[in-house]
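**Student:** Sharing final09.cif here; it has mmCIF, C-alpha atoms.
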data_data
loop_
_atom_site.label_atom_id
_atom_site.label_comp_id
_atom_site.auth_asym_id
_atom_site.auth_seq_id
_atom_site.Cartn_x
_atom_site.Cartn_y
_atom_site.Cartn_z
CA MET A 1 -57.58 36.78 -10.27
CA VAL A 2 -55.15 33.96 -9.43
CA VAL A 3 -54.59 31.27 -12.07
CA LEU A 4 -53.09 28.10 -10.59
CA SER A 5 -52.76 25.92 -13.72
CA ALA A 6 -51.45 27.05 -17.11
CA ALA A 7 -53.89 27.35 -19.97
CA ARG A 8 -54.18 24.29 -22.20
CA TRP A 9 -53.27 25.93 -25.51
CA VAL A 10 -49.85 27.21 -24.21
CA ARG A 11 -47.05 24.75 -25.05
CA SER A 12 -43.62 24.96 -23.37
CA ARG A 13 -40.53 24.92 -25.57
CA LEU A 14 -37.14 23.56 -24.54
CA THR A 15 -34.89 26.60 -24.02
CA ASP A 16 -31.71 25.15 -22.50
CA ARG A 17 -30.96 22.45 -25.03
CA PHE A 18 -27.52 24.04 -25.65
CA TRP A 19 -26.44 23.65 -22.04
CA ARG A 20 -27.75 20.10 -21.76
CA VAL A 21 -25.72 19.15 -24.82
CA GLN A 22 -22.63 20.96 -23.54
CA GLU A 23 -22.83 19.02 -20.27
CA VAL A 24 -22.13 15.84 -22.20
CA LEU A 25 -19.75 17.29 -24.79
CA LYS A 26 -17.47 18.79 -22.14
CA TYR A 27 -16.44 15.26 -21.16
CA ALA A 28 -15.75 14.35 -24.79
CA ARG A 29 -13.59 17.27 -25.84
CA HIS A 30 -10.34 15.32 -25.69
CA PHE A 31 -11.64 12.37 -27.74
CA ARG A 32 -10.53 11.56 -31.26
CA GLY A 33 -12.66 12.01 -34.35
CA ARG A 34 -16.25 13.16 -34.67
CA LYS A 35 -17.20 11.94 -31.25
CA ASN A 36 -15.66 15.06 -29.74
CA ARG A 37 -18.07 17.29 -31.71
CA CYS A 38 -21.26 15.46 -32.57
CA TYR A 39 -23.68 14.90 -29.73
CA LYS A 40 -25.12 11.59 -30.91
CA LEU A 41 -21.71 9.94 -31.17
CA ALA A 42 -20.40 11.70 -28.05
CA VAL A 43 -23.20 10.41 -25.82
CA ARG A 44 -22.26 6.83 -26.55
CA SER A 45 -18.53 7.43 -26.12
CA VAL A 46 -18.93 9.37 -22.89
CA ARG A 47 -21.16 6.69 -21.42
CA ARG A 48 -18.58 3.99 -22.25
CA ALA A 49 -15.82 6.19 -20.82
CA PHE A 50 -17.65 6.58 -17.50
CA VAL A 51 -18.36 2.87 -17.23
CA LYS A 52 -14.76 1.99 -18.05
CA SER A 53 -13.47 4.43 -15.46
CA THR A 54 -15.72 2.96 -12.74
CA LYS A 55 -14.51 -0.55 -13.50
CA ALA A 56 -10.90 0.59 -13.77
CA ARG A 57 -11.01 2.10 -10.28
CA ARG A 58 -11.58 -1.41 -8.90
CA GLU A 59 -8.94 -3.01 -11.10
CA LYS A 60 -6.34 -0.35 -10.34
CA LYS A 61 -5.92 -1.85 -6.89
CA ARG A 62 -5.22 -5.31 -8.32
CA PHE A 63 -2.86 -3.92 -10.93
CA LEU A 64 -0.85 -1.86 -8.46
CA ARG A 65 -0.50 -4.79 -6.09
CA ALA A 66 0.85 -6.97 -8.90
CA LEU A 67 3.29 -4.19 -9.80
CA TRP A 68 4.54 -3.94 -6.22
CA ILE A 69 4.98 -7.70 -6.04
CA THR A 70 7.00 -7.73 -9.27
CA ARG A 71 9.24 -4.98 -7.95
CA ILE A 72 9.78 -6.68 -4.59
CA GLU A 73 10.54 -9.94 -6.38
CA ALA A 74 13.18 -8.25 -8.54
CA ALA A 75 14.77 -6.53 -5.57
CA SER A 76 14.85 -9.64 -3.40
CA LEU A 77 16.37 -11.70 -6.23
CA GLU A 78 19.22 -9.20 -6.26
CA HIS A 79 19.82 -10.20 -2.65
CA GLY A 80 19.51 -13.92 -3.36
CA LEU A 81 15.98 -14.53 -2.03
CA LYS A 82 12.82 -15.44 -3.87
CA TYR A 83 9.63 -13.45 -3.30
CA PRO A 84 7.60 -16.13 -1.42
CA ALA A 85 10.54 -16.85 0.89
CA PHE A 86 11.07 -13.12 1.50
CA ILE A 87 7.46 -12.26 2.27
CA SER A 88 6.65 -15.34 4.32
CA ASN A 89 9.76 -14.97 6.47
CA LEU A 90 9.10 -11.26 7.01
CA ILE A 91 5.58 -12.04 8.19
CA LYS A 92 6.86 -14.80 10.45
CA SER A 93 9.27 -12.30 12.03
CA GLN A 94 6.25 -10.08 12.82
CA VAL A 95 7.21 -7.26 10.44
CA GLU A 96 3.88 -5.91 9.19
CA LEU A 97 5.01 -3.77 6.26
CA ASN A 98 2.75 -3.87 3.24
CA ARG A 99 3.87 -4.42 -0.33
CA LYS A 100 3.55 -0.79 -1.33
CA VAL A 101 5.96 0.36 1.37
CA ILE A 102 8.42 -2.49 0.78
CA ALA A 103 8.48 -1.65 -2.95
CA ASP A 104 9.16 2.02 -2.11
CA LEU A 105 11.95 1.02 0.25
CA ALA A 106 13.45 -1.21 -2.42
CA ILE A 107 13.55 1.75 -4.81
CA TYR A 108 14.56 4.61 -2.53
CA GLU A 109 16.22 2.98 0.52
CA PRO A 110 18.39 0.12 -0.75
CA LYS A 111 20.28 -0.31 2.52
CA THR A 112 17.06 -0.74 4.47
CA PHE A 113 15.83 -3.29 1.93
CA LYS A 114 19.09 -5.19 2.25
CA SER A 115 18.64 -5.38 6.02
CA LEU A 116 15.06 -6.64 5.54
CA ALA A 117 16.34 -9.31 3.14
CA ALA A 118 18.99 -10.35 5.66
CA LEU A 119 16.32 -10.58 8.36
CA ALA A 120 14.16 -12.78 6.13
CA GLN A 121 17.13 -15.00 5.24
CA ARG A 122 18.08 -15.49 8.88
CA ARG A 123 14.48 -16.35 9.83
CA ARG A 124 14.37 -18.81 6.94
CA GLN A 125 17.47 -20.60 8.16
CA GLU A 126 16.11 -20.79 11.70
CA GLY A 127 12.94 -22.26 10.23
CA PHE A 128 14.93 -24.95 8.43
CA LEU A 129 16.75 -25.85 11.63
CA ALA A 130 13.49 -26.01 13.56
CA ALA A 131 11.96 -28.26 10.88
CA LEU A 132 14.83 -30.74 11.09
CA GLY A 133 14.38 -31.22 14.80
CA ASP A 134 16.94 -33.27 16.75
CA GLY A 135 18.24 -35.42 13.91
CA LYS A 136 17.55 -38.66 15.80
CA GLU A 137 15.43 -41.55 14.61
CA PRO A 138 11.73 -41.24 15.40
CA GLU A 139 10.27 -43.35 18.23
CA GLY A 140 7.51 -45.85 17.65
CA ILE A 141 7.37 -49.38 16.32
CA PHE A 142 6.42 -49.06 12.69
CA SER A 143 8.62 -46.02 12.10
CA ARG A 144 11.68 -47.68 13.64
CA ILE A 145 14.54 -48.28 11.25
CA VAL A 146 15.85 -51.87 11.38
CA HIS A 147 19.61 -52.19 11.57
CA ARG A 148 20.98 -55.35 9.91
CA TYR A 149 24.38 -56.12 11.20
CA VAL B 1 21.25 -46.81 6.21
CA ALA B 2 21.60 -46.18 2.46
CA LYS B 3 21.34 -42.60 1.24
CA THR B 4 18.09 -41.96 -0.62
CA SER B 5 16.52 -38.80 -1.96
CA LEU B 6 14.72 -38.33 1.35
CA THR B 7 17.59 -38.89 3.80
CA SER B 8 18.67 -35.28 3.72
CA PRO B 9 16.35 -32.28 3.27
CA PRO B 10 16.28 -30.51 -0.13
CA TRP B 11 17.76 -27.32 1.30
CA PRO B 12 21.53 -27.02 1.88
CA LYS B 13 22.79 -27.67 5.40
CA VAL B 14 22.50 -24.55 7.53
CA LYS B 15 24.96 -23.54 10.22
CA LEU B 16 23.95 -20.69 12.52
CA PRO B 17 26.62 -18.63 14.29
CA ASP B 18 27.41 -19.26 17.96
CA PRO B 19 24.56 -17.83 20.14
CA VAL B 20 26.87 -16.43 22.85
CA GLU B 21 29.08 -14.61 20.38
CA GLU B 22 26.02 -13.46 18.51
CA ALA B 23 24.48 -12.01 21.66
CA LYS B 24 27.71 -10.10 22.33
CA PHE B 25 27.75 -8.80 18.75
CA HIS B 26 24.10 -7.72 18.99
CA ALA B 27 24.73 -5.85 22.26
CA GLU B 28 27.70 -4.07 20.68
CA VAL B 29 25.65 -3.00 17.67
CA VAL B 30 22.82 -1.75 19.90
CA GLN B 31 25.31 0.26 21.99
CA LYS B 32 26.83 1.81 18.87
CA VAL B 33 23.43 2.77 17.41
CA ASN B 34 22.34 4.21 20.78
CA LYS B 35 25.47 6.33 20.90
CA MET B 36 24.90 7.51 17.33
CA ILE B 37 21.34 8.53 18.15
CA ALA B 38 22.41 10.23 21.38
CA THR B 39 25.15 12.25 19.69
CA GLY B 40 22.87 13.06 16.76
CA GLN B 41 24.99 11.63 13.93
CA TYR B 42 22.11 11.10 11.55
CA GLY B 43 20.91 13.19 8.63
CA ARG B 44 17.32 13.07 7.42
CA LEU B 45 15.11 10.47 9.06
CA PHE B 46 12.35 8.60 7.25
CA ALA B 47 9.58 6.64 8.91
CA VAL B 48 6.90 4.18 7.88
CA VAL B 49 3.68 5.08 9.65
CA HIS B 50 0.35 3.26 9.75
CA PHE B 51 -2.40 5.89 9.58
CA ALA B 52 -5.96 5.93 8.24
CA SER B 53 -5.70 2.19 7.49
CA LYS B 54 -2.81 2.81 5.09
CA GLN B 55 0.95 2.68 5.46
CA TRP B 56 2.91 5.73 4.42
CA LYS B 57 6.65 6.23 3.95
CA ILE B 58 7.22 9.77 5.21
CA THR B 59 10.03 12.22 5.91
CA SER B 60 9.90 15.63 7.50
CA GLU B 61 8.29 18.48 5.52
CA ASP B 62 6.22 16.29 3.24
CA LEU B 63 2.49 16.33 2.49
CA ILE B 64 0.05 13.47 2.95
CA MET B 65 -3.50 13.38 1.65
CA MET B 66 -6.07 10.95 2.98
CA ASP B 67 -9.56 10.19 1.76
CA ASN B 68 -11.38 10.63 5.03
CA VAL B 69 -12.34 13.12 7.70
CA LEU B 70 -10.13 13.77 10.74
CA GLU B 71 -11.76 15.09 13.89
CA ALA B 72 -9.15 17.81 14.20
CA GLU B 73 -9.35 21.43 13.16
CA CYS B 74 -7.01 23.00 10.60
CA GLY B 75 -3.76 23.94 12.26
CA ASP B 76 -3.89 21.26 14.97
CA ARG B 77 -0.67 19.44 15.75
CA ILE B 78 -1.10 15.67 15.68
CA ARG B 79 1.21 12.93 16.89
CA LEU B 80 1.21 9.82 14.65
CA GLU B 81 1.68 6.87 16.95
CA LYS B 82 1.77 3.63 14.97
CA VAL B 83 5.33 3.75 13.63
CA LEU B 84 6.50 0.57 11.88
CA LEU B 85 10.00 1.51 10.77
CA VAL B 86 12.40 4.41 11.27
CA GLY B 87 15.56 4.81 9.25
CA ALA B 88 18.47 7.12 8.63
CA ASP B 89 21.47 6.78 6.38
CA ASP B 90 23.50 4.39 8.55
CA PHE B 91 20.91 2.52 10.63
CA THR B 92 17.25 1.45 10.55
CA LEU B 93 15.03 0.54 13.46
CA ILE B 94 12.51 -2.10 12.39
CA GLY B 95 9.52 -2.55 14.63
CA ARG B 96 7.97 -5.97 15.22
CA PRO B 97 5.36 -4.88 14.38
CA LEU B 98 5.38 -1.42 15.99
CA LEU B 99 8.13 0.69 17.54
CA GLY B 100 7.80 2.01 21.08
CA LYS B 101 6.25 5.38 21.71
CA GLU B 102 9.21 6.49 23.85
CA LEU B 103 11.54 5.71 20.94
CA VAL B 104 10.03 7.67 18.03
CA ARG B 105 7.93 10.82 17.84
CA VAL B 106 6.26 11.88 14.56
CA GLU B 107 4.44 15.21 14.54
CA ALA B 108 2.11 16.47 11.83
CA THR B 109 -0.19 19.46 11.29
CA VAL B 110 -3.58 19.41 9.62
CA ILE B 111 -3.33 21.84 6.71
CA GLU B 112 -6.53 21.62 4.76
CA LYS B 113 -9.82 19.72 4.77
CA THR B 114 -11.41 19.70 1.32
CA GLU B 115 -13.57 17.53 -0.86
CA SER B 116 -12.28 15.46 -3.75
CA TRP B 117 -13.07 16.26 -7.37
CA PRO B 118 -16.50 14.89 -8.37
CA LYS B 119 -15.95 11.28 -9.40
CA ILE B 120 -18.56 9.72 -11.68
CA ASN B 121 -19.88 6.20 -11.07
CA MET B 122 -21.79 4.88 -14.02
CA ARG B 123 -23.44 1.51 -14.57
CA PHE B 124 -24.73 0.49 -17.96
CA ARG B 125 -26.19 -2.67 -19.40
CA LYS B 126 -26.56 -2.84 -23.15
CA ARG B 127 -29.89 -3.47 -24.85
CA ARG B 128 -31.67 -3.40 -21.49
CA ASN B 129 -32.30 0.34 -21.16
CA TYR B 130 -30.44 0.38 -17.85
CA GLN B 131 -28.06 3.14 -16.91
CA ARG B 132 -27.37 4.76 -13.55
CA LYS B 133 -25.09 7.75 -13.02
CA LYS B 134 -23.90 8.80 -9.58
CA ILE B 135 -21.53 11.65 -8.72
CA ILE B 136 -19.41 10.96 -5.65
CA VAL B 137 -17.59 13.69 -3.74
CA HIS B 138 -15.70 12.43 -0.71
CA PRO B 139 -13.86 14.48 1.91
CA GLN B 140 -10.07 14.68 1.98
CA THR B 141 -7.58 15.88 4.58
CA VAL B 142 -4.06 17.11 3.95
CA LEU B 143 -1.40 16.72 6.62
CA ARG B 144 2.10 18.16 6.65
CA ILE B 145 4.67 16.07 8.56
CA ASN B 146 6.63 18.50 10.69
CA THR B 147 9.27 16.43 12.48
CA ILE B 148 10.42 12.87 13.09
CA GLU B 149 12.48 12.49 16.28
CA ILE B 150 14.17 9.49 17.81
CA PHE B 151 15.39 9.12 21.38
CA PRO B 152 18.28 6.90 22.54
CA CYS B 153 16.35 4.38 24.61
CA LEU B 154 17.43 1.15 22.89
CA SER B 155 18.35 -1.88 25.00
#
Turn this file's structure into structure tokens for me.

**Tutor:**
Amino acid sequence: MVVLSAARWVRSRLTDRFWRVQEVLKYARHFRGRKNRCYKLAVRSVRRAFVKSTKARREKKRFLRALWITRIEAASLEHGLKYPAFISNLIKSQVELNRKVIADLAIYEPKTFKSLAALAQRRRQEGFLAALGDGKEPEGIFSRIVHRY
Amino acid sequence: VAKTSLTSPPWPKVKLPDPVEEAKFHAEVVQKVNKMIATGQYGRLFAVVHFASKQWKITSEDLIMMDNVLEAECGDRIRLEKVLLVGADDFTLIGRPLLGKELVRVEATVIEKTESWPKINMRFRKRRNYQRKKIIVHPQTVLRINTIEIFPCLS
């Protein structure tokens, strides 16, 4: 005869407790102290480790960008330019290199970085000249300068 | 008019070189670089390529791994088109923003298409009995850059 449901007096016992515990302890084996051996302490540590790693994956991007910016600033100061001047003038000259690549160039290709710094410096000077305009007095009535002879 | 703090700008006076002479100098430099490229007097070339929404600084024979799927089979040769910068020991060609396709040619081969190691995303709020664990495995592609070639079509 076919029995579809188990009898009520048969209780099931947990047989794979070892492997469930090992699943958690395998992530804790390189920890320090009792939390690499004892399950109760390891569960808490492993949970915190996972949460910290998820948050760190988002902050790694911010951290690396700050690192690149520091490196580019140091390299451009060697060529006599500050970082905001360097980056803004590069963007104005339509050079779309990102900070990661510029930092790599500053480390491994110093001549290329020097040429980029020269490009930014030249664009900066052209910007200054364009801002000055003609050098004459402005037209208008209230902005006219009165000459007292 | 008396000199005040606002009569002259805060930056030092700038004098640009003569435009005619500069144009001559630029043409000379371009001719020289063209000749160097035509005669092949460069060693190893490096290029900055925009691919898979990232910029990579690559040379020949190096490996690149990207976190996405390419619609190309393993062993396909691919030409990377968006080249931002090409350089050798003595000269660099900076694109504004890209270099022409008839100037640079970057070839790559798709080597392997795998999945990443299982990354664990966990969210936890204390004292609220809230924790969620998710295992993320995303596809990766590995490319090997075969060659970077430049052609002498500067003007």

**Student:** If the PyMOL selection byres ((chain B) within 8 of (chain A)) were run on this exact file, what residues would it hold? Put them as a list in words.

**Tutor:** Val1, Val14, Leu16, Val48, Gln55, Trp56, Lys57, Leu84, Gly87, Phe91, Thr92, Ile94, Gly95, Arg96, Pro97, Ile120, Asn121, Met122, Arg123 and Phe124 of chain B

**Student:** The PyMOL selection byres ((chain B and resi 102) around 9) - which residues does that actually catch in the file I just gave you? List them as a short mmCIF file (atom, residue, chain, number, x, y, z; two decimals) with C-alpha atoms, in the coordinates of the input.

**Tutor:**
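Written out: result.cif:
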data_model
loop_
_atom_site.label_atom_id
_atom_site.label_comp_id
_atom_site.auth_asym_id
_atom_site.auth_seq_id
_atom_site.Cartn_x
_atom_site.Cartn_y
_atom_site.Cartn_z
CA LEU B 99 8.13 0.69 17.54
CA GLY B 100 7.80 2.01 21.08
CA LYS B 101 6.25 5.38 21.71
CA LEU B 103 11.54 5.71 20.94
CA VAL B 104 10.03 7.67 18.03
CA ARG B 105 7.93 10.82 17.84
CA ILE B 150 14.17 9.49 17.81
CA PHE B 151 15.39 9.12 21.38
CA CYS B 153 16.35 4.38 24.61
#

**Student:** Starting from the displayed file, determine the output of the PyMOL selection byres ((chain B and resi 137) around 6) and express the residue list as a list in words.

**Tutor:** Ser116, Pro118, Ile136 and His138 of chain B

**Student:** Any idea what the distance is between CA of Val69 in chain B and CA of Leu98 in chain B?

**Tutor:**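 Between CA of Val69 in chain B and CA of Leu98 in chain B the gap is 24.4 Å.
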
**Student:** Report as number ranges by chain all protein, DNA and RNA residues lying within 12 Å of Ala72 in chain B, evaluated on all atoms listed in the file, omitting residues in the same chain fewer than 3 positions from it.

**Tutor:** B: 68-69, 75-79, 108-113, 141-143

**Student:** What does the file look like for those residues with C-alpha atoms, as a PDB file, keeping the file's coordinate frame?

**Tutor:**
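This is the output file out37.pdb:
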ATOM      1  CA  ASN B  68     -11.380  10.630   5.030  1.00  0.00           C
ATOM      2  CA  VAL B  69     -12.340  13.120   7.700  1.00  0.00           C
ATOM      3  CA  GLY B  75      -3.760  23.940  12.260  1.00  0.00           C
ATOM      4  CA  ASP B  76      -3.890  21.260  14.970  1.00  0.00           C
ATOM      5  CA  ARG B  77      -0.670  19.440  15.750  1.00  0.00           C
ATOM      6  CA  ILE B  78      -1.100  15.670  15.680  1.00  0.00           C
ATOM      7  CA  ARG B  79       1.210  12.930  16.890  1.00  0.00           C
ATOM      8  CA  ALA B 108       2.110  16.470  11.830  1.00  0.00           C
ATOM      9  CA  THR B 109      -0.190  19.460  11.290  1.00  0.00           C
ATOM     10  CA  VAL B 110      -3.580  19.410   9.620  1.00  0.00           C
ATOM     11  CA  ILE B 111      -3.330  21.840   6.710  1.00  0.00           C
ATOM     12  CA  GLU B 112      -6.530  21.620   4.760  1.00  0.00           C
ATOM     13  CA  LYS B 113      -9.820  19.720   4.770  1.00  0.00           C
ATOM     14  CA  THR B 141      -7.580  15.880   4.580  1.00  0.00           C
ATOM     15  CA  VAL B 142      -4.060  17.110   3.950  1.00  0.00           C
ATOM     16  CA  LEU B 143      -1.400  16.720   6.620  1.00  0.00           C
TER      17      LEU B 143
END

**Student:** Do you have the CA of Ala85 in chain A-CA of Lys13 in chain B distance handy?

**Tutor:** 17.0 Å

**Student:** Have a look at A:Lys82, A:Ala103, A:Ile87, A:His30 and name the one nearest to Leu64 in chain A; count all atoms listed in the file.

**Tutor:**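 For Leu64 in chain A, the nearest of the candidates is A:Ala103.
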
**Student:** Since the input lacks some atoms of range 127-140 of chain B, please model N, CA, C and O atoms and print them as a tab-separated table (two decimals), in the frame of the given file.

**Tutor:**
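Everything below was put into out_0.tsv:
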chain	number	residue	atom	x	y	z
B	127	ARG	N	-28.63	-2.92	-24.33
B	127	ARG	CA	-29.89	-3.47	-24.85
B	127	ARG	C	-30.93	-3.70	-23.76
B	127	ARG	O	-31.93	-4.35	-23.99
B	128	ARG	N	-30.69	-3.17	-22.56
B	128	ARG	CA	-31.67	-3.40	-21.49
B	128	ARG	C	-32.26	-2.10	-21.00
B	128	ARG	O	-33.00	-2.10	-20.03
B	129	ASN	N	-31.82	-0.98	-21.59
B	129	ASN	CA	-32.30	0.34	-21.16
B	129	ASN	C	-32.03	0.56	-19.69
B	129	ASN	O	-32.90	0.97	-18.92
B	130	TYR	N	-30.79	0.22	-19.26
B	130	TYR	CA	-30.44	0.38	-17.85
B	130	TYR	C	-29.19	1.21	-17.77
B	130	TYR	O	-28.13	0.77	-18.20
B	131	GLN	N	-29.26	2.39	-17.24
B	131	GLN	CA	-28.06	3.14	-16.91
B	131	GLN	C	-28.30	3.97	-15.66
B	131	GLN	O	-29.37	4.55	-15.50
B	132	ARG	N	-27.29	3.98	-14.77
B	132	ARG	CA	-27.37	4.76	-13.55
B	132	ARG	C	-26.10	5.60	-13.46
B	132	ARG	O	-25.01	5.10	-13.66
B	133	LYS	N	-26.25	6.87	-13.16
B	133	LYS	CA	-25.09	7.75	-13.02
B	133	LYS	C	-25.11	8.36	-11.63
B	133	LYS	O	-26.14	8.87	-11.18
B	134	LYS	N	-23.97	8.26	-10.93
B	134	LYS	CA	-23.90	8.80	-9.58
B	134	LYS	C	-22.62	9.61	-9.45
B	134	LYS	O	-21.56	9.15	-9.86
B	135	ILE	N	-22.72	10.80	-8.89
B	135	ILE	CA	-21.53	11.65	-8.72
B	135	ILE	C	-21.13	11.58	-7.25
B	135	ILE	O	-21.92	11.91	-6.37
B	136	ILE	N	-19.88	11.16	-7.02
B	136	ILE	CA	-19.41	10.96	-5.65
B	136	ILE	C	-18.37	12.01	-5.33
B	136	ILE	O	-17.40	12.17	-6.06
B	137	VAL	N	-18.57	12.71	-4.21
B	137	VAL	CA	-17.59	13.69	-3.74
B	137	VAL	C	-17.24	13.28	-2.32
B	137	VAL	O	-18.11	13.30	-1.46
B	138	HIS	N	-16.00	12.85	-2.08
B	138	HIS	CA	-15.70	12.43	-0.71
B	138	HIS	C	-14.67	13.37	-0.08
B	138	HIS	O	-13.87	13.98	-0.76
B	139	PRO	N	-14.72	13.48	1.25
B	139	PRO	CA	-13.86	14.48	1.91
B	139	PRO	C	-12.41	14.02	1.95
B	139	PRO	O	-12.12	12.83	2.00
B	140	GLN	N	-11.50	14.98	1.92
B	140	GLN	CA	-10.07	14.68	1.98
B	140	GLN	C	-9.44	15.57	3.03
B	140	GLN	O	-9.91	16.67	3.31
